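K.L.:
My file is final-v3.tsv. It has TSV, C-alpha atoms:
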```
chain	number	residue	atom	x	y	z
A	1	MET	CA	113.79	113.34	124.05
A	2	SER	CA	117.22	114.91	123.62
A	3	LEU	CA	119.48	115.69	120.69
A	4	ASP	CA	120.87	112.98	118.44
A	5	THR	CA	124.43	112.43	119.66
A	6	ALA	CA	125.74	111.79	116.13
A	7	THR	CA	124.20	114.83	114.42
A	8	GLY	CA	123.50	117.24	117.28
A	9	LEU	CA	119.94	117.65	115.93
A	10	ASN	CA	116.54	117.03	117.49
A	11	SER	CA	113.85	114.86	115.86
A	12	LEU	CA	112.75	117.82	113.71
A	13	GLY	CA	116.27	118.31	112.38
A	14	LEU	CA	117.02	121.46	114.37
A	15	PRO	CA	120.13	122.07	116.55
A	16	LYS	CA	118.17	122.75	119.75
A	17	SER	CA	116.67	120.72	122.53
A	18	PRO	CA	112.93	120.10	122.07
A	19	ALA	CA	112.13	122.35	125.04
A	20	GLU	CA	113.91	125.22	123.28
A	21	THR	CA	112.18	124.55	119.94
A	22	ARG	CA	108.86	126.23	119.28
A	23	VAL	CA	106.64	124.45	116.74
A	24	VAL	CA	103.40	125.84	115.36
A	25	VAL	CA	101.10	122.95	114.43
A	26	ALA	CA	98.41	123.67	111.82
A	27	MET	CA	95.39	121.95	113.40
A	28	SER	CA	92.31	121.23	111.28
A	29	GLY	CA	90.50	119.43	114.07
A	30	GLY	CA	91.01	116.05	112.42
A	31	VAL	CA	92.93	113.08	113.74
A	32	ASP	CA	96.06	113.61	111.61
A	33	SER	CA	97.06	117.09	112.75
A	34	SER	CA	95.91	116.28	116.29
A	35	VAL	CA	98.32	113.34	116.45
A	36	VAL	CA	101.16	115.54	115.17
A	37	ALA	CA	100.51	118.07	117.93
A	38	ALA	CA	100.27	115.35	120.58
A	39	MET	CA	103.44	113.58	119.43
A	40	LEU	CA	105.48	116.77	119.50
A	41	ALA	CA	104.06	117.87	122.85
A	42	GLU	CA	104.96	114.49	124.36
A	43	GLU	CA	108.50	114.81	123.01
A	44	GLY	CA	108.82	118.04	124.94
A	45	TYR	CA	108.56	120.60	122.14
A	46	ASP	CA	107.10	124.06	122.78
A	47	VAL	CA	103.92	123.42	120.78
A	48	VAL	CA	101.45	126.12	119.70
A	49	GLY	CA	98.28	124.93	117.94
A	50	VAL	CA	96.67	127.16	115.32
A	51	THR	CA	93.35	126.52	113.59
A	52	LEU	CA	92.09	128.59	110.67
A	53	GLN	CA	88.44	129.55	110.35
A	54	LEU	CA	88.22	129.55	106.57
A	55	TYR	CA	84.55	130.13	105.81
A	56	ASP	CA	81.19	130.78	107.43
A	57	HIS	CA	80.76	127.56	109.33
A	58	GLY	CA	77.19	128.20	110.46
A	59	ALA	CA	75.74	125.95	107.78
A	60	ALA	CA	78.41	123.32	108.25
A	61	LEU	CA	78.15	122.62	111.97
A	62	ALA	CA	76.32	119.36	111.43
A	63	LYS	CA	78.14	118.43	108.23
A	64	LYS	CA	80.45	115.43	108.21
A	65	GLY	CA	83.56	115.40	106.09
A	66	ALA	CA	84.52	119.08	106.15
A	67	CYS	CA	87.57	120.66	107.73
A	68	CYS	CA	87.86	124.00	109.50
A	69	ALA	CA	84.17	124.21	110.37
A	70	GLY	CA	82.77	124.99	113.83
A	71	ARG	CA	82.91	121.42	115.13
A	72	ASP	CA	86.50	121.06	113.93
A	73	ILE	CA	87.61	124.21	115.75
A	74	HIS	CA	86.03	122.80	118.89
A	75	ASP	CA	87.79	119.45	118.41
A	76	ALA	CA	91.19	121.11	117.88
A	77	ARG	CA	90.72	123.11	121.07
A	78	ARG	CA	89.85	119.95	123.03
A	79	VAL	CA	93.03	118.25	121.82
A	80	ALA	CA	95.10	121.25	122.92
A	81	GLU	CA	93.46	121.15	126.36
A	82	THR	CA	94.08	117.40	126.63
A	83	MET	CA	97.79	117.78	125.83
A	84	GLY	CA	98.28	121.08	127.66
A	85	PHE	CA	99.50	123.47	124.98
A	86	PRO	CA	98.11	126.85	123.80
A	87	HIS	CA	95.68	126.99	120.88
A	88	TYR	CA	94.59	129.92	118.73
A	89	VAL	CA	91.84	130.34	116.13
A	90	LEU	CA	92.57	132.77	113.31
A	91	ASP	CA	89.83	134.26	111.13
A	92	TYR	CA	91.00	133.78	107.53
A	93	GLU	CA	87.56	133.96	105.90
A	94	ASN	CA	88.31	136.97	103.70
A	95	ALA	CA	91.73	135.68	102.65
A	96	PHE	CA	90.28	132.24	101.90
A	97	ARG	CA	87.47	133.64	99.80
A	98	GLU	CA	89.79	135.86	97.79
A	99	ALA	CA	92.59	133.32	97.35
A	100	VAL	CA	90.62	130.10	96.94
A	101	ILE	CA	86.81	130.27	96.67
A	102	ASP	CA	86.54	133.06	94.07
A	103	GLU	CA	89.08	131.38	91.80
A	104	PHE	CA	87.32	128.05	92.26
A	105	ALA	CA	84.05	129.58	91.07
A	106	ASP	CA	85.59	131.43	88.13
A	107	SER	CA	87.64	128.41	87.07
A	108	TYR	CA	84.62	126.12	87.19
A	109	LEU	CA	82.56	128.61	85.18
A	110	GLY	CA	85.39	128.65	82.64
A	111	GLY	CA	84.92	124.92	82.02
A	112	ALA	CA	87.94	123.86	84.07
A	113	THR	CA	88.05	121.29	86.88
A	114	PRO	CA	89.77	123.14	89.73
A	115	VAL	CA	91.55	121.66	92.76
A	116	PRO	CA	90.97	124.23	95.52
A	117	CYS	CA	92.78	122.18	98.18
A	118	ILE	CA	96.08	122.86	96.38
A	119	ARG	CA	95.39	126.59	96.22
A	120	CYS	CA	94.52	126.57	99.92
A	121	ASN	CA	97.86	124.97	100.80
A	122	GLU	CA	99.71	127.30	98.45
A	123	ARG	CA	98.01	130.61	99.20
A	124	VAL	CA	96.71	130.29	102.74
A	125	LYS	CA	98.25	127.51	104.85
A	126	PHE	CA	101.79	127.60	103.49
A	127	ARG	CA	101.88	131.35	102.92
A	128	ASP	CA	99.76	133.35	105.36
A	129	LEU	CA	99.74	130.78	108.17
A	130	LEU	CA	103.44	130.13	107.72
A	131	GLU	CA	104.14	133.84	108.13
A	132	THR	CA	101.98	133.82	111.27
A	133	ALA	CA	104.10	130.97	112.61
A	134	LYS	CA	107.21	133.08	112.07
A	135	ASP	CA	105.52	136.02	113.81
A	136	LEU	CA	105.00	133.68	116.78
A	137	GLU	CA	108.78	133.10	116.73
A	138	ALA	CA	108.36	129.42	115.89
A	139	ASP	CA	111.39	127.51	114.64
A	140	CYS	CA	109.21	125.51	112.23
A	141	MET	CA	105.63	124.66	111.32
A	142	ALA	CA	104.29	121.10	111.35
A	143	THR	CA	101.20	119.73	109.58
A	144	GLY	CA	99.33	116.43	109.43
A	145	HIS	CA	99.89	115.91	105.71
A	146	TYR	CA	101.02	112.50	104.50
A	147	ILE	CA	104.21	113.44	102.70
A	148	ARG	CA	107.90	113.24	103.59
A	149	ARG	CA	110.59	115.88	103.85
A	150	ALA	CA	114.09	114.45	103.48
A	151	ALA	CA	117.56	115.96	103.67
A	152	GLY	CA	119.17	116.05	100.23
A	153	ALA	CA	122.60	117.00	98.91
A	154	ARG	CA	121.21	120.36	97.77
A	155	GLY	CA	118.81	121.00	100.62
A	156	PRO	CA	115.50	119.52	101.79
A	157	GLU	CA	113.58	117.38	99.30
A	158	LEU	CA	109.90	116.47	99.06
A	159	HIS	CA	109.06	112.76	98.83
A	160	MET	CA	105.88	110.71	98.61
A	161	ALA	CA	104.49	109.28	101.85
A	162	ALA	CA	105.53	105.81	102.98
A	163	ASP	CA	101.87	104.74	102.71
A	164	ALA	CA	101.00	105.12	99.02
A	165	THR	CA	97.27	104.99	99.77
A	166	ARG	CA	97.52	108.10	101.97
A	167	ASP	CA	100.11	110.03	99.94
A	168	GLN	CA	99.17	113.71	99.51
A	169	SER	CA	102.04	114.81	97.27
A	170	TYR	CA	99.63	115.69	94.44
A	171	PHE	CA	98.16	118.42	96.65
A	172	LEU	CA	101.51	119.78	97.84
A	173	PHE	CA	103.53	120.13	94.62
A	174	SER	CA	103.48	123.93	94.83
A	175	THR	CA	105.39	123.96	98.13
A	176	THR	CA	108.45	126.15	97.48
A	177	ARG	CA	112.02	125.44	98.53
A	178	GLU	CA	111.86	128.27	101.06
A	179	GLN	CA	108.65	126.86	102.58
A	180	LEU	CA	110.14	123.38	102.65
A	181	ASP	CA	113.00	124.69	104.78
A	182	TYR	CA	110.47	125.66	107.44
A	183	LEU	CA	107.86	122.88	107.18
A	184	ARG	CA	107.80	119.48	108.87
A	185	PHE	CA	105.54	116.49	108.12
A	186	PRO	CA	105.82	114.00	111.02
A	187	LEU	CA	103.24	111.52	109.64
A	188	GLY	CA	104.88	110.99	106.26
A	189	GLY	CA	106.82	107.93	107.39
A	190	LEU	CA	103.94	106.09	109.07
A	191	ALA	CA	102.92	102.77	107.53
A	192	SER	CA	99.17	103.35	107.55
A	193	LYS	CA	96.26	105.44	108.80
A	194	ASP	CA	95.67	102.70	111.37
A	195	ALA	CA	99.04	103.63	112.87
A	196	THR	CA	97.88	107.24	113.15
A	197	ARG	CA	94.65	106.27	114.88
A	198	ALA	CA	96.58	103.97	117.25
A	199	LEU	CA	98.75	106.94	118.25
A	200	ALA	CA	95.65	109.06	118.80
A	201	ALA	CA	94.19	106.39	121.06
A	202	ARG	CA	97.47	106.03	122.97
A	203	HIS	CA	97.48	109.76	123.66
A	204	GLY	CA	93.83	109.65	124.72
A	205	LEU	CA	92.78	112.16	122.08
A	206	PRO	CA	89.04	112.85	121.76
A	207	VAL	CA	89.30	112.68	117.93
A	208	ALA	CA	90.84	109.19	117.76
A	209	ASP	CA	87.80	107.73	115.98
A	210	LYS	CA	86.75	110.85	114.06
A	211	PRO	CA	85.96	110.10	110.37
A	212	ASP	CA	88.29	111.43	107.68
A	213	SER	CA	87.20	114.49	105.74
A	214	GLN	CA	86.01	113.64	102.24
A	215	ASP	CA	84.62	116.70	100.51
A	216	ILE	CA	86.08	120.08	99.69
A	217	CYS	CA	85.45	121.96	102.94
A	218	PHE	CA	83.20	124.67	101.48
A	219	VAL	CA	81.25	122.33	99.15
A	220	PRO	CA	78.53	120.60	101.20
A	221	ASN	CA	77.75	117.05	100.05
A	222	GLY	CA	80.03	117.44	97.03
A	223	ASP	CA	77.42	119.56	95.20
A	224	TYR	CA	79.75	121.86	93.25
A	225	ALA	CA	77.00	123.32	91.09
A	226	ALA	CA	74.92	124.50	94.05
A	227	VAL	CA	77.93	126.35	95.48
A	228	ILE	CA	78.75	127.96	92.12
A	229	GLU	CA	75.15	129.11	91.66
A	230	LYS	CA	75.24	130.69	95.12
A	231	LEU	CA	78.57	132.43	94.44
A	232	ARG	CA	77.75	133.42	90.86
A	233	PRO	CA	73.96	133.86	90.45
A	234	GLY	CA	72.75	133.09	86.94
A	235	ALA	CA	75.71	130.84	86.21
A	236	ALA	CA	73.63	127.75	85.48
A	237	GLU	CA	72.24	128.84	82.12
A	238	PRO	CA	70.87	125.97	79.99
A	239	GLY	CA	72.26	125.05	76.60
A	240	GLU	CA	72.73	122.26	74.07
A	241	ILE	CA	74.41	118.87	74.34
A	242	VAL	CA	76.18	118.44	71.02
A	243	HIS	CA	77.99	115.44	69.55
A	244	ALA	CA	81.52	116.10	68.34
A	245	ASP	CA	80.24	115.50	64.79
A	246	GLY	CA	77.82	118.44	65.14
A	247	ARG	CA	74.55	116.66	65.96
A	248	VAL	CA	72.44	118.28	68.68
A	249	LEU	CA	71.48	115.46	71.05
A	250	GLY	CA	69.64	117.29	73.78
A	251	ARG	CA	69.58	120.08	76.33
A	252	HIS	CA	71.41	120.56	79.61
A	253	PRO	CA	70.66	122.72	82.71
A	254	GLY	CA	74.07	124.44	82.76
A	255	VAL	CA	77.71	123.76	81.84
A	256	ILE	CA	78.67	123.93	85.52
A	257	HIS	CA	76.94	120.58	86.08
A	258	PHE	CA	79.46	118.73	83.88
A	259	THR	CA	83.13	117.77	83.92
A	260	ILE	CA	85.48	116.42	81.27
A	261	GLY	CA	85.29	112.62	81.13
A	262	GLN	CA	81.79	112.42	82.62
A	263	ARG	CA	79.58	109.65	81.26
A	264	ARG	CA	76.63	109.32	83.64
A	265	GLY	CA	73.84	111.84	84.05
A	266	LEU	CA	73.96	113.24	80.51
A	267	GLY	CA	70.29	112.49	79.85
A	268	ILE	CA	70.88	111.32	76.28
A	269	GLY	CA	70.22	107.59	76.46
A	270	GLY	CA	69.15	105.33	73.61
A	271	LEU	CA	72.30	105.78	71.53
A	272	ASP	CA	74.38	103.00	70.01
A	273	GLU	CA	77.68	104.09	71.62
A	274	PRO	CA	78.51	105.27	75.15
A	275	LEU	CA	79.31	108.98	75.06
A	276	TYR	CA	81.50	111.06	77.34
A	277	VAL	CA	81.92	114.79	77.92
A	278	VAL	CA	84.98	115.66	75.81
A	279	LYS	CA	84.79	119.46	75.89
A	280	LEU	CA	82.94	122.26	77.66
A	281	ASP	CA	82.29	125.30	75.46
A	282	VAL	CA	81.38	127.91	78.04
A	283	ASP	CA	80.95	130.82	75.63
A	284	SER	CA	78.29	129.03	73.57
A	285	ARG	CA	76.95	127.13	76.62
A	286	ARG	CA	77.51	123.83	74.84
A	287	VAL	CA	78.50	120.47	76.32
A	288	ILE	CA	80.39	118.53	73.65
A	289	VAL	CA	80.21	114.74	73.85
A	290	GLY	CA	81.95	112.00	71.93
A	291	PRO	CA	83.38	108.47	72.11
A	292	LYS	CA	85.87	107.53	74.83
A	293	ALA	CA	88.76	107.59	72.35
A	294	MET	CA	88.40	111.38	72.08
A	295	LEU	CA	89.39	111.74	75.74
A	296	ALA	CA	92.88	110.36	75.15
A	297	THR	CA	95.53	113.06	75.59
A	298	ARG	CA	99.25	112.80	74.89
A	299	ARG	CA	100.48	116.42	75.06
A	300	VAL	CA	99.67	118.46	78.14
A	301	PRO	CA	100.44	122.22	78.39
A	302	VAL	CA	101.46	123.18	81.94
A	303	ARG	CA	102.09	126.60	83.52
A	304	GLU	CA	102.71	128.21	86.94
A	305	ILE	CA	105.41	125.60	87.44
A	306	ASN	CA	107.10	125.13	90.81
A	307	TRP	CA	110.38	123.27	90.27
A	308	LEU	CA	111.87	121.26	93.16
A	309	GLY	CA	114.34	119.17	91.16
A	310	ASP	CA	118.10	119.64	91.07
A	311	GLY	CA	119.50	122.41	88.89
A	312	ALA	CA	117.67	125.16	87.05
A	313	PHE	CA	114.37	124.14	85.45
A	314	THR	CA	115.39	125.34	81.99
A	315	GLU	CA	118.93	123.94	81.98
A	316	ALA	CA	117.75	120.76	80.22
A	317	THR	CA	115.70	120.83	77.01
A	318	GLU	CA	113.86	117.71	78.14
A	319	ARG	CA	113.72	115.36	81.09
A	320	GLU	CA	112.38	111.84	81.49
A	321	ILE	CA	110.10	111.90	84.53
A	322	SER	CA	106.79	110.51	85.75
A	323	VAL	CA	103.68	112.61	86.20
A	324	ARG	CA	100.26	112.52	87.79
A	325	VAL	CA	97.50	114.38	85.97
A	326	ARG	CA	94.90	113.35	88.55
A	327	SER	CA	95.25	112.67	92.27
A	328	THR	CA	93.68	109.22	91.96
A	329	ARG	CA	96.08	107.90	89.31
A	330	PRO	CA	99.58	106.50	89.81
A	331	PRO	CA	102.52	108.38	88.25
A	332	ALA	CA	102.96	107.61	84.54
A	333	GLU	CA	106.11	108.00	82.46
A	334	ALA	CA	106.42	111.23	80.50
A	335	ILE	CA	108.85	113.66	78.90
A	336	LEU	CA	109.04	117.17	80.36
A	337	ARG	CA	110.05	119.95	77.96
A	338	PRO	CA	110.53	123.39	79.59
A	339	LEU	CA	109.34	126.38	77.56
A	340	SER	CA	110.26	129.02	80.18
A	341	GLU	CA	110.92	129.18	83.92
A	342	THR	CA	107.20	128.65	84.56
A	343	GLU	CA	105.79	126.89	81.47
A	344	ALA	CA	106.35	123.50	79.86
A	345	GLU	CA	104.87	120.84	77.65
A	346	VAL	CA	104.48	117.36	79.07
A	347	GLU	CA	104.34	114.45	76.64
A	348	LEU	CA	102.69	111.37	78.10
A	349	LEU	CA	104.30	108.19	76.78
A	350	THR	CA	100.93	106.46	77.21
A	351	PRO	CA	97.96	108.74	76.45
A	352	GLU	CA	95.70	109.44	79.44
A	353	GLN	CA	91.95	109.94	79.34
A	354	GLY	CA	90.09	112.80	80.93
A	355	VAL	CA	93.01	115.24	81.25
A	356	SER	CA	91.28	118.49	82.17
A	357	PRO	CA	92.33	122.15	82.38
A	358	GLY	CA	92.34	123.27	85.99
A	359	GLN	CA	93.87	120.03	87.28
A	360	ALA	CA	97.46	119.80	88.47
A	361	CYS	CA	100.25	117.96	86.67
A	362	VAL	CA	102.71	116.81	89.32
A	363	PHE	CA	106.27	115.72	88.51
A	364	TYR	CA	108.05	112.73	90.10
A	365	ALA	CA	111.41	111.04	89.71
A	366	THR	CA	110.71	107.88	87.72
A	367	GLY	CA	111.08	104.77	89.83
A	368	GLY	CA	111.53	106.75	93.04
A	369	THR	CA	109.58	108.75	95.61
A	370	ARG	CA	110.94	112.25	95.07
A	371	VAL	CA	108.51	115.00	94.09
A	372	LEU	CA	110.11	117.27	91.48
A	373	GLY	CA	107.37	119.93	91.53
A	374	GLY	CA	104.56	120.47	89.07
A	375	GLY	CA	102.22	122.98	87.51
A	376	TRP	CA	98.68	123.62	86.33
A	377	ILE	CA	97.14	122.12	83.22
A	378	TRP	CA	95.66	124.69	80.84
A	379	ARG	CA	94.37	124.80	77.30
A	380	GLY	CA	97.55	126.17	75.76
A	381	HIS	CA	97.80	129.02	73.28
```
Produce structure tokens that represent the structure in this file.

P.N.:
Amino acid sequence: MSLDTATGLNSLGLPKSPAETRVVVAMSGGVDSSVVAAMLAEEGYDVVGVTLQLYDHGAALAKKGACCAGRDIHDARRVAETMGFPHYVLDYENAFREAVIDEFADSYLGGATPVPCIRCNERVKFRDLLETAKDLEADCMATGHYIRRAAGARGPELHMAADATRDQSYFLFSTTREQLDYLRFPLGGLASKDATRALAARHGLPVADKPDSQDICFVPNGDYAAVIEKLRPGAAEPGEIVHADGRVLGRHPGVIHFTIGQRRGLGIGGLDEPLYVVKLDVDSRRVIVGPKAMLATRRVPVREINWLGDGAFTEATEREISVRVRSTRPPAEAILRPLSETEAEVELLTPEQGVSPGQACVFYATGGTRVLGGGWIWRGH
């Protein structure tokens, strides 16, 4: 494939022939990043595959649904051999523990509901790995994320994926403008995951039928509490389950076993009304429960904001946008009021239930696909 005759750019938007363009592909061992590497290699790019070993994968070799474990490193290497490009494995265990796992444990113990996949993108893949790509003299770094990078009047913009069911914008809001200059997301425009698997089959990749990862990579079987207890011995101290009106309803085995909005598994049946976890009081080891109405939240304090919209973040006292306060929910209309360059209050026009500290609040242009950035939900002052 040669340069576009109208723009003088290759398919990655760079003014070089593919053969002269080095691309580092972040390879998890899954089908998505494997297809990206294969596509670019077929187009004639100088592809270098890099896989990160993020944690001790000894216990995860037989585990389905985890990325960056031993089997995944093996699969990434096989894809590189199939397509004929170099592949490297980098040991990032210490960096991953310090930047992601330790905060996950501390945040969970603090009663928050953390999203470690965002921190991994922010602090490891798009920071340390991106710098490694530059050290390898790559012109850009490509990943298998389902999100789109588009040329805008003021530079590259971040947009939701064409396939709304695969869109990963919630997990990539903290991508900075500088990182966006260097990153490429070739799968963002595909219509479906079936299209990705069809490409994998066409290229004869050994991972064409590999199942998608489901769990957080270092949390086997989704058992958060077991991981926290291992990382922070003694963390699962028992305490009381208390109704919001002050009644003690029972005992629990540890605050770390509960999340805001949880209804099942409370062990307090036989009551007239269904009760939900509405607050976690870590200091007193209390799980506070109440009716569903108590979960409704209208005002959401947000900090550590990464702004990708036009103009300075604080130049407007308020903006009408849409936000996601959970990855599984569609964007909802809201008003964004900046408090500083990195803090804001978000007012949800329709109250949402189960808004939890530790989750991300991601900003979108209402009625469009553009990602305007986002921040982290916290308890406020």

K.L.:
Taking (118.3, 122.8, 71.3) in the file's own coordinates, collect the residues within 12 Å, counting only C-alpha atoms, and hand them back as a list in words.

P.N.:
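In the file's frame, the residues around the point are Thr314, Glu315, Ala316, Thr317, Glu318, Arg337, Pro338 and Leu339 of chain A.
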
K.L.:
Nearest to Arg303 of chain A among A:Ala142, A:Val371, A:Val115, A:Ile377, with distances taken over all atoms listed in the file: which residue is it?

P.N.:
A:Ile377

K.L.:
Which is closest to Asp102 of chain A among A:Lys230, A:Lys279, A:His203, A:Arg326, if we use all atoms listed in the file?

P.N.:
A:Lys230

K.L.:
Which neighbours of Val23 of chain A fall inside 7 Å, counting all atoms listed in the file, when residues of the same chain fewer than 2 positions from it are skipped, and could you give them as a list in words?

P.N.:
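Near Val23 of chain A, the qualifying residues are Thr21, Val25, Tyr45, Asp46, Val47, Val48, Ala138, Asp139, Cys140, Met141 and Ala142 of chain A.
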
K.L.:
Using atom CA of Arg119 of chain A and atom CA of Gln359 of chain A as the two end points, give the distance in Å to one decimal.

P.N.:
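Separating atom CA of Arg119 of chain A from atom CA of Gln359 of chain A is a distance of 11.2 Å.
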
K.L.:
I'd like to know which of A:Glu343, A:Asp32, A:Glu137, A:Glu320 is closest to Pro186 of chain A, using all atoms listed in the file.

P.N.:
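Of the candidates, the smallest distance to Pro186 of chain A is held by A:Asp32.
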
K.L.:
Within 9 Å of (89.7, 117.1, 98.9), in the coordinates the file gives, what residues turn up when you count all atoms listed in the file, written out as number ranges by chain?

P.N.:
A: 115-118, 171, 213-217

K.L.:
Atom CA of Ala200 of chain A and atom CA of Val31 of chain A are how many Å apart?

P.N.:
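Here the two named atoms are 7.0 Å from each other.
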
K.L.:
Quick one: 6 Å padding each side, axis-aligned, all listed atoms of segment 94-112 of chain A - centre and edge lengths in Å to one decimal, as lines of an AutoDock Vina configuration file?

P.N.:
```
center_x = 87.6
center_y = 130.4
center_z = 92.9
size_x = 22.0
size_y = 25.1
size_z = 33.7
```

K.L.:
If you count all atoms listed in the file, which residues fall within 8 Å of Val50 of chain A, apart from same-chain ones fewer than 4 positions away, as a list of chain:residue names?

P.N.:
A:Val24, A:Val25, A:Ala26, A:Met27, A:His87, A:Tyr88, A:Val89, A:Leu90

K.L.:
Given the selection you just returned, output its residues as a file containing C-alpha atoms, formatted as an mmCIF file, keeping the file's coordinate frame.

P.N.:
```cif
data_model
loop_
_atom_site.group_PDB
_atom_site.id
_atom_site.type_symbol
_atom_site.label_atom_id
_atom_site.label_comp_id
_atom_site.auth_asym_id
_atom_site.auth_seq_id
_atom_site.Cartn_x
_atom_site.Cartn_y
_atom_site.Cartn_z
ATOM 1 C CA VAL A 24 103.400 125.840 115.360
ATOM 2 C CA VAL A 25 101.100 122.950 114.430
ATOM 3 C CA ALA A 26 98.410 123.670 111.820
ATOM 4 C CA MET A 27 95.390 121.950 113.400
ATOM 5 C CA HIS A 87 95.680 126.990 120.880
ATOM 6 C CA TYR A 88 94.590 129.920 118.730
ATOM 7 C CA VAL A 89 91.840 130.340 116.130
ATOM 8 C CA LEU A 90 92.570 132.770 113.310
#
```

K.L.:
When you count all atoms listed in the file, which of these residues is closest to Ser107 of chain A: A:Val325, A:Phe126, A:Gly246, A:Arg232?

P.N.:
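Comparing A:Val325, A:Phe126, A:Gly246, A:Arg232 against Ser107 of chain A, the winner is A:Arg232.
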